[in-house]
>>> print(open('structure.cif').read())   # mmCIF, C-alpha atoms
data_input
#
loop_
_atom_site.label_atom_id
_atom_site.label_comp_id
_atom_site.auth_asym_id
_atom_site.auth_seq_id
_atom_site.Cartn_x
_atom_site.Cartn_y
_atom_site.Cartn_z
CA MET A 29 45.24 43.70 4.46
CA LYS A 30 46.69 45.20 7.61
CA ASN A 31 48.33 48.60 7.40
CA GLN A 32 51.09 48.82 10.00
CA ILE A 33 52.39 52.19 8.79
CA LYS A 34 52.02 54.51 11.75
CA LYS A 35 54.78 57.06 11.11
CA ASP A 36 56.98 58.41 8.35
CA PHE A 37 54.07 58.22 5.94
CA THR A 38 52.99 60.46 3.06
CA ILE A 39 49.55 62.01 2.66
CA CYS A 40 48.34 61.70 -0.91
CA PRO A 41 44.81 61.97 -2.39
CA ASN A 42 43.33 58.54 -3.09
CA ALA A 43 41.58 59.99 -6.14
CA LEU A 44 44.98 60.72 -7.69
CA ILE A 45 46.28 57.23 -6.95
CA ASP A 46 43.14 55.69 -8.47
CA ASP A 47 43.06 57.95 -11.54
CA GLU A 48 43.86 55.46 -14.31
CA SER A 49 43.68 58.20 -16.94
CA ILE A 50 47.11 59.30 -15.65
CA ILE A 51 50.03 56.99 -16.35
CA SER A 52 51.39 55.29 -13.25
CA ALA A 53 54.83 56.92 -13.50
CA ALA A 54 53.27 60.39 -13.41
CA ARG A 55 51.20 59.36 -10.39
CA PHE A 56 54.34 58.15 -8.64
CA LEU A 57 56.00 61.50 -9.33
CA PHE A 58 53.06 63.23 -7.60
CA VAL A 59 53.34 60.86 -4.61
CA TRP A 60 57.09 61.51 -4.46
CA LEU A 61 56.48 65.26 -4.42
CA CYS A 62 53.91 64.78 -1.66
CA SER A 63 56.62 63.18 0.49
CA LYS A 64 58.56 66.46 0.60
CA SER A 65 58.04 69.16 3.18
CA GLU A 66 56.02 72.25 2.31
CA ASP A 67 59.10 74.48 2.29
CA TRP A 68 61.18 72.11 0.15
CA LYS A 69 62.79 73.89 -2.81
CA PHE A 70 62.65 71.70 -5.88
CA HIS A 71 65.36 71.43 -8.47
CA ASN A 72 64.61 69.61 -11.66
CA SER A 73 67.89 67.69 -11.58
CA VAL A 74 67.04 66.34 -8.12
CA ILE A 75 63.59 65.22 -9.27
CA GLU A 76 65.00 63.53 -12.36
CA LYS A 77 67.70 61.69 -10.42
CA ALA A 78 65.35 60.53 -7.64
CA CYS A 79 62.70 59.25 -10.08
CA GLY A 80 65.14 57.93 -12.66
CA ILE A 81 63.70 60.00 -15.52
CA SER A 82 65.03 62.33 -18.18
CA SER A 83 64.34 66.04 -18.43
CA ASP A 84 61.87 65.52 -21.29
CA THR A 85 60.06 62.81 -19.33
CA ARG A 86 59.83 65.03 -16.24
CA ILE A 87 58.33 67.83 -18.33
CA LYS A 88 55.87 65.36 -19.86
CA TYR A 89 54.72 64.04 -16.47
CA MET A 90 54.46 67.53 -14.97
CA LYS A 91 52.39 68.64 -17.92
CA ILE A 92 50.03 65.67 -17.48
CA LEU A 93 49.55 66.43 -13.78
CA ALA A 94 48.99 70.14 -14.51
CA GLU A 95 46.47 69.46 -17.27
CA LYS A 96 44.59 67.07 -14.96
CA GLY A 97 44.51 69.78 -12.29
CA TRP A 98 46.60 67.96 -9.68
CA ILE A 99 49.40 70.51 -9.65
CA THR A 100 49.41 74.25 -10.18
CA VAL A 101 52.51 76.14 -11.23
CA THR A 102 53.08 79.64 -9.93
CA GLN A 103 55.79 81.95 -11.20
CA LYS A 104 57.16 84.53 -8.78
CA LYS A 105 58.34 88.09 -9.22
CA ASN A 106 61.14 89.52 -7.13
CA ASN A 107 61.19 92.97 -5.61
CA LYS A 108 62.53 94.37 -8.90
CA GLY A 109 59.50 93.12 -10.78
CA GLU A 110 61.50 90.47 -12.63
CA TRP A 111 60.09 87.00 -13.22
CA GLY A 112 61.93 84.46 -11.11
CA GLU A 113 61.64 80.84 -10.09
CA ASN A 114 58.58 78.65 -10.40
CA GLU A 115 56.78 77.01 -7.52
CA ILE A 116 54.74 73.78 -7.53
CA ILE A 117 51.45 73.65 -5.64
CA LEU A 118 50.13 70.15 -4.98
CA ASN A 119 46.34 70.21 -5.06
CA PRO A 120 44.17 67.98 -2.83
CA TYR A 121 41.72 67.65 -5.73
CA PRO A 122 41.81 68.72 -9.41
CA ILE A 123 41.91 72.50 -9.76
CA PHE A 124 41.77 74.14 -13.16
CA SER A 125 42.94 77.74 -12.90
CA GLY A 126 43.31 78.20 -16.66
CA THR A 127 46.54 80.16 -16.39
CA VAL A 128 49.81 80.06 -14.52
CA LYS A 129 49.41 82.11 -11.39
CA ASN A 130 51.89 84.91 -10.79
CA THR A 131 52.84 85.99 -7.30
CA VAL A 132 55.20 88.61 -5.90
CA GLN A 133 58.13 87.32 -3.88
CA GLU A 134 58.95 89.56 -0.95
CA LYS A 135 62.58 90.36 -0.31
CA THR A 136 63.89 88.71 2.84
CA GLY A 137 67.11 89.25 4.68
CA ASN A 138 67.99 85.59 5.14
CA ARG A 139 67.95 82.80 2.59
CA GLU A 140 66.91 79.48 4.09
CA THR A 141 68.66 76.39 2.80
CA HIS A 142 67.05 72.97 2.49
CA PRO A 143 68.54 69.50 2.47
CA HIS A 144 67.34 68.76 -1.07
CA SER A 145 68.57 72.04 -2.53
CA ASN A 146 71.83 72.41 -4.43
CA THR A 147 74.07 75.46 -4.01
CA ASP A 148 72.62 78.92 -4.45
CA SER A 149 74.85 79.44 -7.47
CA GLU A 150 73.13 76.62 -9.38
CA THR A 151 71.28 77.88 -12.42
CA LYS A 152 67.54 77.73 -11.83
CA ASN A 153 65.81 75.33 -14.19
CA GLU A 154 62.40 76.01 -15.61
CA LEU A 155 59.67 73.57 -14.66
CA PHE A 156 57.90 73.89 -17.99
CA THR A 157 58.81 75.09 -21.44
CA LYS A 158 57.40 78.40 -22.69
CA THR A 159 54.62 76.50 -24.44
CA GLU A 160 53.59 74.84 -21.20
CA LEU A 161 53.48 78.21 -19.43
CA MET A 162 50.94 79.55 -21.91
CA PRO A 163 47.47 80.55 -20.66
CA LEU A 164 44.95 77.76 -21.23
CA PRO A 165 43.34 79.26 -24.40
CA ASP A 166 46.78 79.53 -26.00
CA GLN A 167 47.57 75.93 -25.01
CA ILE A 168 44.41 74.73 -26.73
CA LEU A 169 45.15 76.69 -29.89
CA ASN A 170 48.72 75.38 -29.81
CA TYR A 171 47.39 71.82 -29.55
CA LEU A 172 45.27 72.42 -32.65
CA ASN A 173 48.32 73.71 -34.51
CA GLU A 174 50.35 70.67 -33.42
CA GLN A 175 47.69 68.24 -34.65
CA LEU A 176 47.34 70.05 -37.97
CA LYS A 177 51.10 69.91 -38.49
CA LYS A 178 50.96 66.14 -38.09
CA ILE A 179 48.79 65.86 -41.18
CA ASN A 180 50.43 68.76 -43.00
CA PRO A 181 53.98 69.62 -41.85
CA ALA A 182 53.89 72.75 -44.01
CA ALA A 183 50.90 74.17 -42.13
CA ARG A 184 51.67 77.64 -40.72
CA GLY A 185 49.33 77.34 -37.75
CA PHE A 186 46.91 79.86 -36.29
CA SER A 187 48.17 82.89 -34.39
CA ALA A 188 47.13 83.55 -30.78
CA ILE A 189 44.98 86.56 -31.65
CA ASN A 190 41.55 87.38 -30.28
CA ARG A 191 39.75 86.13 -33.39
CA ASN A 192 41.20 82.65 -32.84
CA LEU A 193 40.93 82.64 -29.03
CA SER A 194 37.59 84.32 -28.27
CA ASP A 195 35.41 81.24 -28.76
CA ILE A 196 37.82 79.08 -26.75
CA LYS A 197 37.54 81.50 -23.83
CA ILE A 198 33.74 81.28 -23.96
CA TRP A 199 33.75 77.51 -23.57
CA ILE A 200 36.42 77.59 -20.84
CA LYS A 201 34.23 80.02 -18.91
CA ALA A 202 31.36 77.58 -19.37
CA GLY A 203 33.37 74.91 -17.58
CA TYR A 204 34.86 72.82 -20.38
CA LYS A 205 38.29 71.34 -19.68
CA ILE A 206 41.37 71.00 -21.84
CA GLU A 207 40.65 67.31 -22.49
CA ASP A 208 37.26 68.29 -23.96
CA PHE A 209 38.95 70.60 -26.44
CA GLU A 210 41.53 67.95 -27.31
CA LYS A 211 38.79 65.39 -28.00
CA VAL A 212 36.98 67.79 -30.31
CA ILE A 213 40.17 68.73 -32.14
CA GLU A 214 41.17 65.11 -32.67
CA ASN A 215 37.66 64.10 -33.71
CA ARG A 216 37.20 66.93 -36.21
CA ILE A 217 40.61 66.27 -37.77
CA ARG A 218 39.81 62.58 -38.05
CA GLU A 219 36.47 63.32 -39.71
CA TRP A 220 37.42 66.24 -41.95
CA ALA A 221 41.14 66.02 -42.79
CA LYS A 222 40.73 63.68 -45.79
CA SER A 223 37.68 65.43 -47.19
CA PRO A 224 38.34 68.19 -49.76
CA LYS A 225 34.90 69.51 -48.92
CA MET A 226 35.46 69.75 -45.18
CA ASN A 227 39.19 70.18 -44.48
CA GLY A 228 38.89 73.92 -45.03
CA TYR A 229 36.79 74.04 -41.86
CA LEU A 230 39.71 72.89 -39.69
CA ARG A 231 40.01 76.33 -38.16
CA PRO A 232 39.32 77.80 -34.68
CA GLN A 233 36.18 79.69 -35.72
CA THR A 234 34.50 76.47 -36.86
CA ILE A 235 35.87 73.91 -34.40
CA PHE A 236 35.28 76.10 -31.34
CA GLY A 237 32.22 77.92 -32.66
CA GLN A 238 28.57 77.45 -31.78
CA ASN A 239 28.65 73.73 -32.67
CA PHE A 240 31.44 72.93 -30.21
CA GLU A 241 29.10 71.07 -27.84
CA SER A 242 27.75 69.01 -30.72
CA TYR A 243 31.27 68.12 -31.80
CA LEU A 244 32.12 67.09 -28.24
CA LEU A 245 29.04 64.89 -28.07
CA MET A 246 30.07 63.25 -31.33
CA ALA A 247 33.59 62.74 -30.03
CA ASN A 248 32.26 61.05 -26.89
CA SER A 249 29.65 58.90 -28.61
CA LYS A 250 29.84 56.09 -31.14
CA VAL A 251 26.22 56.75 -32.09
CA PHE A 252 26.76 60.11 -33.69
CA GLU A 253 29.48 59.76 -36.31
CA MET A 254 30.02 61.95 -39.31
CA SER A 255 31.31 60.65 -42.60
CA ALA A 256 34.51 62.04 -44.09
CA ALA A 257 32.38 64.17 -46.42
CA GLY A 258 30.44 65.58 -43.47
CA SER A 259 26.91 64.42 -42.87
CA ASN A 260 23.88 66.09 -41.34
CA ASN A 261 22.65 63.04 -39.46
CA TYR A 262 22.70 64.78 -36.10
CA LYS A 263 20.80 67.85 -35.09
CA HIS A 264 21.85 69.70 -31.95
CA GLU A 265 18.81 70.84 -29.98
CA PRO A 266 19.87 71.98 -26.48
CA THR A 267 17.17 72.19 -23.85
CA ALA A 268 18.67 75.31 -22.32
CA GLU A 269 19.90 78.54 -23.81
CA PRO A 270 23.29 77.82 -25.43
CA VAL A 271 26.37 79.25 -23.81
CA PHE A 272 27.77 80.43 -27.13
CA LYS A 273 26.21 83.59 -28.48
CA GLN A 274 26.87 85.17 -31.81
CA PRO A 275 28.25 88.72 -31.49
#
>>> encode(input="structure.cif", output="structure tokens")
Amino acid sequence: MKNQIKKDFTICPNALIDDESIISAARFLFVWLCSKSEDWKFHNSVIEKACGISSDTRIKYMKILAEKGWITVTQKKNNKGEWGENEIILNPYPIFSGTVKNTVQEKTGNRETHPHSNTDSETKNELFTKTELMPLPDQILNYLNEQLKKINPAARGFSAINRNLSDIKIWIKAGYKIEDFEKVIENRIREWAKSPKMNGYLRPQTIFGQNFESYLLMANSKVFEMSAAGSNNYKHEPTAEPVFKQP
């Protein structure tokens, strides 16, 4: 292959292009965003029209890219301390900040216009829903609640209080990513949901407790599988001091 492209090209990380865990349409959206200048002001309607996608689809793709660490969303404050528009940061490699960054927008005398921007009077659209702007621990707990509602629509869900979030924060600090938590949640629900003996343990304190690493290993391995009744065929014996410590 001969690459004759010498100008008017877009710089995009090869790792993103080759990441098959991200659907191709979401990868194209990232490449399309890379083609814009650094000072380009995005409007959701422009993105949706250019990529031929709906609002829900745009949110879905943005969420995928954010969860994979390829984009970071920052929310700005104006000089009055009010939350304003969001800003997309395209990362050269996956970055997991854990929360949406908040920055202060300085008041300027002139407002610069950009070719891709609509009129200043256009209502600013949110990049993500309120759920997607949650801090990472809240997102993980919300994912658990969503999965539990799938098997029991009447389930009330767990509140975002310290008792339900503290263990999640420990494992995030230890370096575990959102996909690790999702694997554990899905695996534990699959193993315990149909067992009267075990379904009562589908709660944050158990799923994200001191056996979290064991559950992740089981989720990633076909060797260690638990029966629906819950077996004891695997013993977790870490070689180093465990990250999780009982209070």
>>> atom_distance(input="structure.cif", atom1="atom CA of Asn173 of chain A", atom2="atom CA of Phe186 of chain A")
6.6 Å
>>> residues_around(input="structure.cif", residues="segment 52-59 of chain A", least_positions_apart="6", cutoff="8 Å", atoms="all atoms listed in the file", output="NGL selection string")
:A and (38 or 40 or 44-45 or 79 or 89-90 or 92-93 or 118)
>>> write_last_selection(input="structure.cif", atoms="C-alpha atoms", output="PDB file, keeping the file's coordinate frame")
ATOM      1  CA  THR A  38      52.990  60.460   3.060  1.00  0.00           C
ATOM      2  CA  CYS A  40      48.340  61.700  -0.910  1.00  0.00           C
ATOM      3  CA  LEU A  44      44.980  60.720  -7.690  1.00  0.00           C
ATOM      4  CA  ILE A  45      46.280  57.230  -6.950  1.00  0.00           C
ATOM      5  CA  CYS A  79      62.700  59.250 -10.080  1.00  0.00           C
ATOM      6  CA  TYR A  89      54.720  64.040 -16.470  1.00  0.00           C
ATOM      7  CA  MET A  90      54.460  67.530 -14.970  1.00  0.00           C
ATOM      8  CA  ILE A  92      50.030  65.670 -17.480  1.00  0.00           C
ATOM      9  CA  LEU A  93      49.550  66.430 -13.780  1.00  0.00           C
ATOM     10  CA  LEU A 118      50.130  70.150  -4.980  1.00  0.00           C
TER      11      LEU A 118
END
>>> resolve_selection(input="structure.cif", expression="the PyMOL selection byres ((chain A and resi 165) around 7)", output="list of chain:residue names")
A:Pro163, A:Leu164, A:Asp166, A:Gln167, A:Ile168, A:Leu169, A:Leu193, A:Ile196, A:Lys197
>>> write_last_selection(input="structure.cif", atoms="C-alpha atoms", output="PDB file, keeping the file's coordinate frame")
ATOM      1  CA  PRO A 163      47.470  80.550 -20.660  1.00  0.00           C
ATOM      2  CA  LEU A 164      44.950  77.760 -21.230  1.00  0.00           C
ATOM      3  CA  ASP A 166      46.780  79.530 -26.000  1.00  0.00           C
ATOM      4  CA  GLN A 167      47.570  75.930 -25.010  1.00  0.00           C
ATOM      5  CA  ILE A 168      44.410  74.730 -26.730  1.00  0.00           C
ATOM      6  CA  LEU A 169      45.150  76.690 -29.890  1.00  0.00           C
ATOM      7  CA  LEU A 193      40.930  82.640 -29.030  1.00  0.00           C
ATOM      8  CA  ILE A 196      37.820  79.080 -26.750  1.00  0.00           C
ATOM      9  CA  LYS A 197      37.540  81.500 -23.830  1.00  0.00           C
TER      10      LYS A 197
END
>>> residues_around(input="structure.cif", residues="Ala221 of chain A", least_positions_apart="5", cutoff="12 Å", atoms="only C-alpha atoms", output="list of chain:residue names")
A:Gln175, A:Leu176, A:Lys177, A:Lys178, A:Ile179, A:Asn180, A:Ile213, A:Glu214, A:Asn215, A:Arg216, A:Met226, A:Asn227, A:Gly228, A:Tyr229, A:Leu230, A:Arg231, A:Ser255, A:Ala256, A:Ala257, A:Gly258
>>> residues_around(input="structure.cif", residues="Ser194 of chain A", least_positions_apart="2", cutoff="10 Å", atoms="all atoms listed in the file", output="JSON, numbers by chain")
{"A": [165, 188, 189, 190, 191, 192, 196, 197, 198, 199, 232, 233, 236, 237]}
>>> closest_residue(input="structure.cif", among="A:Ala43, A:Ile87, A:Pro181, A:Asn170", to="Asn119 of chain A", atoms="only C-alpha atoms")
A:Ala43
>>> atom_distance(input="structure.cif", atom1="atom CA of Ile39 of chain A", atom2="atom CA of Thr100 of chain A")
17.7 Å
>>> atom_distance(input="structure.cif", atom1="atom CA of Ile50 of chain A", atom2="atom CA of Ser73 of chain A")
22.8 Å
>>> residues_around(input="structure.cif", residues="Ile117 of chain A", least_positions_apart="5", cutoff="10 Å", atoms="all atoms listed in the file", output="ChimeraX atom specification")
/A:61,66,94,98-102
>>> resolve_selection(input="structure.cif", expression="the PyMOL selection byres ((chain A and resi 211) around 10)", output="list in words")
Ile206, Glu207, Asp208, Phe209, Glu210, Val212, Ile213, Glu214, Asn215, Arg216, Ile217, Tyr243, Leu244, Leu245, Met246, Ala247 and Asn248 of chain A
